[in-house]
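Enquirer: My structure is stored as target.tsv, with TSV, C-alpha atoms.
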```
chain	number	residue	atom	x	y	z
A	1	MET	CA	41.49	43.10	-1.57
A	2	THR	CA	44.08	43.03	1.15
A	3	SER	CA	46.65	40.38	1.90
A	4	ASN	CA	43.97	38.59	3.96
A	5	ASN	CA	42.88	37.04	0.70
A	6	SER	CA	45.47	34.31	1.01
A	7	HIS	CA	44.07	33.15	4.37
A	8	PHE	CA	41.61	30.28	4.24
A	9	VAL	CA	40.72	30.89	7.87
A	10	ALA	CA	40.28	34.40	9.20
A	11	PRO	CA	43.14	35.37	11.53
A	12	ILE	CA	42.26	34.93	15.19
A	13	ASP	CA	43.14	38.50	16.17
A	14	GLU	CA	40.75	39.95	13.58
A	15	THR	CA	37.76	37.75	14.36
A	16	PRO	CA	36.56	37.54	17.94
A	17	LEU	CA	36.66	33.95	19.12
A	18	LEU	CA	33.12	34.15	20.49
A	19	ALA	CA	31.68	34.87	17.05
A	20	THR	CA	33.23	31.87	15.34
A	21	ASP	CA	32.38	29.50	18.18
A	22	ALA	CA	28.76	30.66	18.47
A	23	VAL	CA	27.06	27.34	17.94
A	24	LYS	CA	23.68	26.81	19.51
A	25	THR	CA	24.28	23.57	21.35
A	26	ASP	CA	20.85	23.46	22.94
A	27	GLN	CA	19.10	23.41	19.56
A	28	ALA	CA	17.88	20.04	18.37
A	29	PRO	CA	19.83	18.84	15.33
A	30	LEU	CA	17.93	19.02	12.05
A	31	SER	CA	17.34	15.51	10.83
A	32	LEU	CA	15.69	14.29	7.64
A	33	TRP	CA	12.57	13.53	9.66
A	34	SER	CA	12.19	16.90	11.39
A	35	ASP	CA	12.88	18.62	8.08
A	36	ALA	CA	10.25	16.49	6.37
A	37	TRP	CA	7.76	17.13	9.17
A	38	ARG	CA	8.23	20.90	8.90
A	39	LYS	CA	7.62	20.65	5.17
A	40	LEU	CA	4.62	18.34	5.55
A	41	ARG	CA	2.86	20.58	8.05
A	42	ARG	CA	2.50	23.29	5.42
A	43	ARG	CA	1.22	21.03	2.62
A	44	PRO	CA	-2.58	21.31	2.20
A	45	LEU	CA	-2.60	17.88	0.52
A	46	PHE	CA	-1.10	16.33	3.65
A	47	ILE	CA	-3.42	18.18	6.02
A	48	ILE	CA	-6.55	17.15	4.10
A	49	SER	CA	-5.55	13.50	3.78
A	50	ALA	CA	-4.37	13.28	7.38
A	51	LEU	CA	-7.67	14.73	8.64
A	52	LEU	CA	-9.64	12.30	6.46
A	53	ILE	CA	-7.62	9.34	7.72
A	54	LEU	CA	-8.06	10.53	11.31
A	55	ALA	CA	-11.82	10.76	10.79
A	56	LEU	CA	-11.92	7.30	9.18
A	57	THR	CA	-9.94	5.85	12.08
A	58	VAL	CA	-12.41	7.28	14.59
A	59	VAL	CA	-15.31	5.86	12.53
A	60	ALA	CA	-13.60	2.47	12.40
A	61	LEU	CA	-12.88	2.39	16.14
A	62	PHE	CA	-16.23	3.74	17.37
A	63	PRO	CA	-18.92	3.08	14.75
A	64	GLY	CA	-21.56	3.38	17.47
A	65	LEU	CA	-20.84	7.12	17.75
A	66	PHE	CA	-22.02	7.75	14.21
A	67	THR	CA	-25.05	5.54	13.87
A	68	SER	CA	-27.49	4.13	16.38
A	69	VAL	CA	-28.91	1.62	13.89
A	70	PRO	CA	-27.37	-1.84	14.22
A	71	PRO	CA	-26.24	-2.83	10.72
A	72	ASN	CA	-27.84	-6.24	10.40
A	73	GLU	CA	-30.90	-5.91	12.62
A	74	GLY	CA	-34.23	-4.38	11.75
A	75	CYS	CA	-33.87	-5.22	8.06
A	76	GLU	CA	-37.43	-5.10	6.75
A	77	LEU	CA	-38.04	-6.46	3.27
A	78	ALA	CA	-40.86	-3.92	3.07
A	79	ASN	CA	-38.13	-1.26	2.97
A	80	SER	CA	-36.30	-2.94	0.06
A	81	GLU	CA	-34.53	-0.32	-2.07
A	82	GLY	CA	-36.41	2.36	-0.15
A	83	GLY	CA	-35.33	5.98	-0.42
A	84	PRO	CA	-33.97	8.11	2.44
A	85	THR	CA	-36.23	8.53	5.44
A	86	ALA	CA	-35.80	10.15	8.84
A	87	GLY	CA	-33.00	8.35	10.68
A	88	HIS	CA	-31.92	6.49	7.54
A	89	PRO	CA	-30.24	9.20	5.42
A	90	PHE	CA	-28.88	6.93	2.67
A	91	GLY	CA	-31.97	4.77	2.18
A	92	PHE	CA	-32.19	0.97	2.28
A	93	THR	CA	-30.50	-1.94	0.51
A	94	PHE	CA	-32.17	-4.64	-1.55
A	95	GLN	CA	-32.61	-6.64	1.66
A	96	GLY	CA	-34.08	-3.61	3.41
A	97	CYS	CA	-31.06	-2.84	5.64
A	98	ASP	CA	-29.94	0.71	6.43
A	99	VAL	CA	-27.25	1.73	3.91
A	100	TYR	CA	-25.76	4.46	6.13
A	101	SER	CA	-25.28	2.08	9.03
A	102	ARG	CA	-23.69	-0.54	6.77
A	103	VAL	CA	-21.27	1.99	5.30
A	104	ILE	CA	-20.27	3.19	8.79
A	105	HIS	CA	-19.78	-0.36	10.11
A	106	GLY	CA	-17.93	-1.44	6.94
A	107	THR	CA	-15.10	1.00	7.68
A	108	GLN	CA	-13.71	-1.25	10.37
A	109	ALA	CA	-13.25	-4.33	8.17
A	110	SER	CA	-11.78	-2.46	5.24
A	111	LEU	CA	-9.32	-0.45	7.33
A	112	SER	CA	-8.26	-3.39	9.49
A	113	VAL	CA	-7.59	-5.62	6.47
A	114	GLY	CA	-5.53	-2.83	4.91
A	115	ILE	CA	-3.51	-2.04	8.03
A	116	LEU	CA	-2.90	-5.69	8.99
A	117	SER	CA	-1.81	-6.53	5.44
A	118	VAL	CA	0.60	-3.60	5.37
A	119	LEU	CA	2.05	-4.68	8.74
A	120	CYS	CA	2.54	-8.27	7.50
A	121	VAL	CA	4.08	-7.06	4.25
A	122	LEU	CA	6.37	-4.74	6.22
A	123	VAL	CA	7.59	-7.56	8.45
A	124	ILE	CA	8.14	-10.07	5.62
A	125	GLY	CA	9.32	-7.64	2.94
A	126	VAL	CA	11.66	-5.57	5.08
A	127	THR	CA	13.24	-8.66	6.67
A	128	ILE	CA	13.85	-10.42	3.37
A	129	GLY	CA	14.83	-7.28	1.49
A	130	ALA	CA	17.24	-6.12	4.18
A	131	LEU	CA	18.93	-9.53	4.50
A	132	ALA	CA	19.22	-9.88	0.72
A	133	GLY	CA	20.56	-6.40	0.18
A	134	TYR	CA	22.91	-6.34	3.16
A	135	TYR	CA	24.56	-9.74	2.92
A	136	GLY	CA	24.35	-10.12	-0.88
A	137	GLY	CA	25.94	-13.17	-2.48
A	138	TRP	CA	23.99	-16.43	-2.73
A	139	LEU	CA	21.40	-15.28	-0.15
A	140	ASP	CA	20.56	-12.32	-2.38
A	141	SER	CA	20.22	-14.56	-5.44
A	142	VAL	CA	17.96	-17.07	-3.68
A	143	LEU	CA	15.70	-14.44	-2.12
A	144	ALA	CA	15.51	-12.40	-5.34
A	145	ARG	CA	14.42	-15.47	-7.35
A	146	LEU	CA	11.88	-16.33	-4.64
A	147	GLY	CA	10.53	-12.80	-4.91
A	148	ASP	CA	10.42	-12.97	-8.71
A	149	ILE	CA	8.14	-16.00	-8.51
A	150	PHE	CA	5.55	-14.09	-6.51
A	151	PHE	CA	6.19	-10.90	-8.47
A	152	ALA	CA	5.04	-12.59	-11.68
A	153	LEU	CA	1.54	-13.10	-10.22
A	154	PRO	CA	-0.79	-10.10	-10.30
A	155	LEU	CA	-2.36	-9.60	-6.85
A	156	ILE	CA	-6.02	-10.25	-7.71
A	157	LEU	CA	-5.36	-13.15	-10.10
A	158	GLY	CA	-3.09	-14.92	-7.63
A	159	ALA	CA	-5.62	-14.39	-4.86
A	160	LEU	CA	-8.34	-15.90	-7.06
A	161	VAL	CA	-6.38	-19.14	-7.30
A	162	ILE	CA	-5.24	-19.31	-3.67
A	163	THR	CA	-8.74	-18.73	-2.32
A	164	GLN	CA	-9.97	-21.75	-4.32
A	165	LEU	CA	-7.99	-24.03	-1.98
A	166	PRO	CA	-10.41	-25.92	0.28
A	167	PHE	CA	-8.93	-24.46	3.47
A	168	PHE	CA	-9.53	-20.89	2.33
A	169	ARG	CA	-12.99	-21.66	0.99
A	170	GLU	CA	-14.10	-23.04	4.33
A	171	ASN	CA	-12.36	-20.55	6.65
A	172	LYS	CA	-13.11	-17.13	5.21
A	173	SER	CA	-12.09	-14.42	7.67
A	174	VAL	CA	-10.11	-11.20	7.97
A	175	TRP	CA	-6.97	-13.25	8.57
A	176	THR	CA	-7.23	-15.39	5.43
A	177	VAL	CA	-7.62	-12.23	3.32
A	178	VAL	CA	-4.64	-10.65	5.09
A	179	PHE	CA	-2.61	-13.82	4.52
A	180	VAL	CA	-3.42	-14.00	0.80
A	181	ILE	CA	-2.69	-10.32	0.22
A	182	SER	CA	0.60	-10.31	2.11
A	183	LEU	CA	1.73	-13.58	0.52
A	184	LEU	CA	1.40	-12.00	-2.93
A	185	ALA	CA	2.44	-8.43	-2.16
A	186	TRP	CA	5.67	-8.75	-0.15
A	187	PRO	CA	8.13	-8.88	-3.11
A	188	GLN	CA	7.61	-5.22	-3.99
A	189	MET	CA	8.41	-4.17	-0.44
A	190	ALA	CA	11.43	-6.52	-0.42
A	191	ARG	CA	12.67	-5.02	-3.68
A	192	ILE	CA	12.41	-1.43	-2.45
A	193	THR	CA	14.06	-2.32	0.88
A	194	ARG	CA	16.86	-4.17	-0.88
A	195	GLY	CA	17.62	-1.17	-3.09
A	196	ALA	CA	17.59	1.25	-0.15
A	197	VAL	CA	19.80	-1.02	1.98
A	198	ILE	CA	22.35	-1.49	-0.82
A	199	GLU	CA	22.50	2.29	-1.15
A	200	VAL	CA	23.28	2.76	2.55
A	201	ARG	CA	25.37	-0.31	3.41
A	202	ASN	CA	28.63	1.04	1.95
A	203	ALA	CA	28.27	4.45	3.57
A	204	ASP	CA	31.17	5.66	5.73
A	205	PHE	CA	29.18	5.71	8.95
A	206	VAL	CA	28.38	2.01	8.59
A	207	THR	CA	32.08	1.21	8.11
A	208	ALA	CA	32.87	3.44	11.09
A	209	ALA	CA	30.31	1.66	13.26
A	210	GLN	CA	31.80	-1.72	12.37
A	211	ALA	CA	35.31	-0.40	13.00
A	212	LEU	CA	34.15	0.65	16.47
A	213	GLY	CA	33.09	-2.93	17.20
A	214	VAL	CA	29.43	-3.11	16.23
A	215	SER	CA	28.69	-6.55	14.81
A	216	LYS	CA	27.68	-6.87	11.17
A	217	PHE	CA	24.04	-7.66	12.01
A	218	GLY	CA	24.02	-4.94	14.68
A	219	ALA	CA	25.14	-2.40	12.09
A	220	LEU	CA	22.27	-3.47	9.85
A	221	VAL	CA	19.68	-2.99	12.57
A	222	ARG	CA	21.11	0.10	14.25
A	223	HIS	CA	22.60	2.06	11.37
A	224	VAL	CA	21.56	0.79	7.94
A	225	LEU	CA	17.83	0.20	8.37
A	226	PRO	CA	16.99	3.53	10.06
A	227	ASN	CA	18.67	5.33	7.16
A	228	ALA	CA	16.87	3.23	4.55
A	229	LEU	CA	13.45	3.85	6.09
A	230	ALA	CA	12.17	6.68	3.87
A	231	PRO	CA	11.21	4.74	0.71
A	232	ILE	CA	9.80	1.92	2.87
A	233	ILE	CA	7.42	4.29	4.66
A	234	VAL	CA	6.30	5.85	1.38
A	235	LEU	CA	5.60	2.46	-0.20
A	236	ALA	CA	3.76	1.25	2.92
A	237	THR	CA	1.42	4.27	2.82
A	238	LEU	CA	0.71	3.82	-0.89
A	239	GLU	CA	0.18	0.07	-0.52
A	240	LEU	CA	-2.36	0.59	2.26
A	241	GLY	CA	-4.69	2.09	-0.36
A	242	VAL	CA	-3.92	-0.67	-2.85
A	243	PHE	CA	-4.67	-3.39	-0.28
A	244	ILE	CA	-8.00	-1.84	0.70
A	245	VAL	CA	-8.99	-1.91	-2.98
A	246	ALA	CA	-7.78	-5.52	-3.25
A	247	GLU	CA	-9.90	-6.52	-0.25
A	248	ALA	CA	-12.95	-4.80	-1.75
A	249	THR	CA	-12.36	-6.52	-5.10
A	250	LEU	CA	-12.03	-9.93	-3.47
A	251	SER	CA	-15.13	-9.37	-1.34
A	252	PHE	CA	-16.98	-8.15	-4.42
A	253	LEU	CA	-16.13	-11.41	-6.16
A	254	GLY	CA	-17.40	-13.30	-3.12
A	255	ILE	CA	-14.04	-14.82	-2.19
A	256	GLY	CA	-12.82	-12.19	0.27
A	257	LEU	CA	-14.48	-11.50	3.59
A	258	PRO	CA	-17.49	-13.65	4.51
A	259	GLN	CA	-20.96	-12.15	4.19
A	260	SER	CA	-21.24	-11.96	7.98
A	261	ILE	CA	-18.52	-9.28	8.13
A	262	MET	CA	-19.62	-5.83	7.06
A	263	SER	CA	-17.28	-4.46	4.44
A	264	TRP	CA	-17.57	-2.05	1.54
A	265	GLY	CA	-16.67	-4.77	-0.94
A	266	ASN	CA	-19.54	-6.95	0.31
A	267	ASP	CA	-21.90	-3.96	0.19
A	268	ILE	CA	-20.91	-3.16	-3.40
A	269	ALA	CA	-21.42	-6.80	-4.36
A	270	GLY	CA	-24.84	-6.82	-2.69
A	271	ALA	CA	-25.87	-3.58	-4.38
A	272	GLN	CA	-25.19	-5.08	-7.78
A	273	ALA	CA	-28.61	-6.75	-7.74
A	274	SER	CA	-30.31	-3.34	-7.78
A	275	ILE	CA	-27.86	-1.32	-9.92
A	276	ARG	CA	-30.49	-0.75	-12.65
A	277	THR	CA	-33.34	0.26	-10.35
A	278	SER	CA	-31.56	2.20	-7.60
A	279	PRO	CA	-27.86	2.77	-8.33
A	280	GLU	CA	-27.43	5.05	-5.29
A	281	ILE	CA	-27.19	1.97	-3.04
A	282	MET	CA	-23.88	1.13	-4.69
A	283	LEU	CA	-22.80	4.77	-4.75
A	284	TYR	CA	-22.38	5.18	-0.98
A	285	PRO	CA	-20.03	2.25	-0.18
A	286	ALA	CA	-18.14	2.93	-3.43
A	287	ALA	CA	-17.74	6.59	-2.50
A	288	ALA	CA	-16.50	5.68	0.99
A	289	LEU	CA	-14.00	3.27	-0.57
A	290	SER	CA	-12.81	5.86	-3.08
A	291	ILE	CA	-12.36	8.58	-0.46
A	292	THR	CA	-10.40	6.24	1.80
A	293	VAL	CA	-8.07	5.03	-0.94
A	294	LEU	CA	-7.63	8.55	-2.32
A	295	SER	CA	-6.65	9.91	1.08
A	296	PHE	CA	-4.04	7.18	1.64
A	297	ILE	CA	-2.55	7.72	-1.83
A	298	MET	CA	-2.50	11.50	-1.32
A	299	LEU	CA	-0.78	10.97	2.03
A	300	GLY	CA	1.80	8.72	0.38
A	301	ASP	CA	2.48	11.31	-2.31
A	302	ALA	CA	2.88	14.09	0.25
A	303	VAL	CA	5.23	11.99	2.39
A	304	ARG	CA	7.29	11.03	-0.65
A	305	ASP	CA	7.69	14.67	-1.68
A	306	ALA	CA	8.65	15.66	1.86
A	307	LEU	CA	11.21	12.86	2.31
A	308	ASP	CA	12.92	13.46	-1.05
A	309	PRO	CA	15.74	15.93	-0.41
A	310	LYS	CA	15.97	16.75	-4.12
A	311	SER	CA	12.43	18.12	-4.31
A	312	ARG	CA	12.96	20.39	-1.33
A	313	GLN	CA	13.97	23.57	-3.15
A	314	ARG	CA	10.63	25.33	-3.16
B	315	MET	CA	-5.59	-7.59	-15.03
B	316	GLY	CA	-7.58	-7.69	-11.81
B	317	GLY	CA	-9.63	-4.75	-12.98
B	318	ALA	CA	-10.77	-6.58	-16.11
B	319	ILE	CA	-12.61	-9.18	-14.01
B	320	VAL	CA	-14.63	-6.56	-12.16
B	321	THR	CA	-15.44	-4.29	-15.12
B	322	GLU	CA	-16.28	-7.17	-17.46
B	323	GLY	CA	-18.36	-8.77	-14.72
B	324	ILE	CA	-20.35	-5.62	-13.96
B	325	PHE	CA	-20.93	-4.49	-17.55
B	326	ASN	CA	-21.35	-8.03	-18.90
B	327	VAL	CA	-18.62	-7.66	-21.52
B	328	PRO	CA	-18.26	-11.03	-23.25
B	329	GLY	CA	-14.55	-11.37	-22.56
B	330	VAL	CA	-12.20	-13.68	-20.72
B	331	GLY	CA	-12.59	-11.53	-17.59
B	332	ASN	CA	-16.32	-12.14	-17.60
B	333	LYS	CA	-15.75	-15.87	-17.99
B	334	LEU	CA	-13.41	-15.76	-14.99
B	335	TYR	CA	-15.96	-13.75	-13.01
B	336	GLN	CA	-18.68	-16.31	-13.70
B	337	ALA	CA	-16.31	-19.12	-12.77
B	338	VAL	CA	-15.49	-17.42	-9.44
B	339	LEU	CA	-19.17	-16.94	-8.64
B	340	ARG	CA	-19.79	-20.65	-9.26
B	341	SER	CA	-16.44	-21.55	-7.62
B	342	GLU	CA	-15.31	-23.69	-10.54
B	343	GLY	CA	-11.72	-24.31	-9.51
B	344	PRO	CA	-10.32	-25.80	-12.75
B	345	THR	CA	-11.80	-23.03	-14.93
B	346	ILE	CA	-10.35	-20.35	-12.64
B	347	VAL	CA	-6.90	-21.93	-12.57
B	348	SER	CA	-6.74	-22.35	-16.35
B	349	ILE	CA	-7.91	-18.82	-17.17
B	350	VAL	CA	-5.58	-17.33	-14.56
B	351	SER	CA	-2.69	-19.33	-16.04
B	352	VAL	CA	-3.33	-17.80	-19.47
B	353	LEU	CA	-3.68	-14.29	-18.02
B	354	VAL	CA	-0.49	-14.65	-15.97
B	355	LEU	CA	1.35	-15.81	-19.09
B	356	VAL	CA	0.17	-12.65	-20.88
B	357	PHE	CA	1.24	-10.58	-17.87
B	358	VAL	CA	4.71	-12.12	-17.72
B	359	VAL	CA	5.29	-11.79	-21.48
B	360	ALA	CA	4.10	-8.15	-21.36
B	361	ASN	CA	6.52	-7.44	-18.53
B	362	LEU	CA	9.33	-9.06	-20.51
B	363	LEU	CA	8.48	-6.92	-23.55
B	364	VAL	CA	8.50	-3.79	-21.38
B	365	ASP	CA	11.94	-4.69	-20.02
B	366	LEU	CA	13.27	-5.33	-23.51
B	367	LEU	CA	11.72	-2.08	-24.76
B	368	TYR	CA	13.52	-0.17	-22.01
B	369	ALA	CA	16.86	-1.43	-23.28
B	370	TRP	CA	15.89	-0.75	-26.87
B	371	LEU	CA	14.63	2.80	-26.25
B	372	ASP	CA	17.42	3.76	-23.83
B	373	PRO	CA	20.77	2.32	-24.95
B	374	ARG	CA	22.33	3.19	-21.58
B	375	ILE	CA	20.47	0.26	-20.00
B	376	ARG	CA	22.26	-3.03	-20.47
B	377	TYR	CA	21.12	-6.37	-19.07
B	378	ASP	CA	24.30	-8.29	-19.87
B	379	GLN	CA	27.09	-7.60	-17.45
```
Can the structure from this file be put into structure tokens for me?
Expert:
Amino acid sequence: MTSNNSHFVAPIDETPLLATDAVKTDQAPLSLWSDAWRKLRRRPLFIISALLILALTVVALFPGLFTSVPPNEGCELANSEGGPTAGHPFGFTFQGCDVYSRVIHGTQASLSVGILSVLCVLVIGVTIGALAGYYGGWLDSVLARLGDIFFALPLILGALVITQLPFFRENKSVWTVVFVISLLAWPQMARITRGAVIEVRNADFVTAAQALGVSKFGALVRHVLPNALAPIIVLATLELGVFIVAEATLSFLGIGLPQSIMSWGNDIAGAQASIRTSPEIMLYPAAALSITVLSFIMLGDAVRDALDPKSRQR
Amino acid sequence: MGGAIVTEGIFNVPGVGNKLYQAVLRSEGPTIVSIVSVLVLVFVVANLLVDLLYAWLDPRIRYDQ
């Protein structure tokens, strides 16, 4: 080695200035999100689940594209538990309705309950979790105890009790189900948000932002929350599947969506009458439910792997 | 806990979940509330045991500050 060894920086006259300063300024900076997206695009698990969810969304938005049979009309009792015929590929229910049409039209209710519940949980949970984690002190204690109260109730059991209230018994709709689910499910989201916010709030860039004159609340919204978003998004994706199952369970028990709304839970409950004679009637809505939940949970897993910087060395 | 209601209801297992399922179908409010109270108590105690087990199995975890 020469005497250059003692230099921490190469001497200017030996290294051309252009080479050291060659930074591509027109290139977009690599963020956590673009990095995660590049990783996600190559995961088969993500591609499969994303395609399934896309297909389900199209089915939910335009059920008329997939079946020309209206779900509740033309139900002939003569067709009760009938096998597949031309134009009715999945056969008929106990009441003689077309199973295929009911499965297609049930997508809308199940998906909308899931998505609306996740949105409500996001709003409530992220707000409470962020305030508790960021400000700490007595606010944190009060909100954490409030969350613990709801956390002690399992989702289905709590929903069983709440739906026995006269108001909920008389006004069954998508919104009451969404309300019950989000009332019982927000503490988990609040807990995750609180943890993520506490992790970020003492970071140097938050202190720097406040030193530059950003208000305390402004720093929370502009700098802390965007950097605490990763675990929130992962939990929201996973919970979407959980909420769809919860809706189906409640509808199966007859306390979820009213019978007038087509949903997979209602279909499974209705198919119970003929489970011994023709179990395939229950198979189709149950299979649709399973595929939907599986694809959301696979998506959540893929997103979690992609957003975790520690699992990136592969 | 929620799963027990559905499985016991479908397969007619003579358990507390089946009792709850029947009560829901007949919308018997008091029965539902009492059974759910017992189940929630079990749930809370189980969670407490899990938390205590964590501290017992992994001495690095301490709950007292």
Enquirer: I need the contact residues of chain B against chain A, so if you could list those with any atom within 10 Å, counting all atoms listed in the file, and return them as a PyMOL selection string, that would help.
Expert: chain B and resi 315-317+319-320+323-324+334-336+338-344+346-351+353-355+357-359+361
Enquirer: Tell me, in Å to one decimal, how far CA of Ser274 (chain A) is from CA of Gly241 (chain A).
Expert: 27.2 Å
Enquirer: Please, what distance in Å, to one decimal, runs between CA of Met298 (chain A) and CA of Ser49 (chain A)?
Expert: 6.3 Å
Enquirer: What gap, in Å, lies between CA of Thr237 (chain A) and CA of Ser290 (chain A)?
Expert: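 Computing it gives 15.5 Å between the two atoms.
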Enquirer: Using all atoms listed in the file, which protein or nucleic acid residues come within 8 Å of Val293 (chain A)? Drop anything in the same chain fewer than 2 positions from it, and give the result as an MDAnalysis selection string.
Expert: chainID A and resid 240:242 244:245 289:291 295:297
Enquirer: So which one's closest to Gly265 (chain A), A:Pro84, A:Pro71, A:Gly96, A:Gly106? Using all atoms listed in the file, please.
Expert: A:Gly106
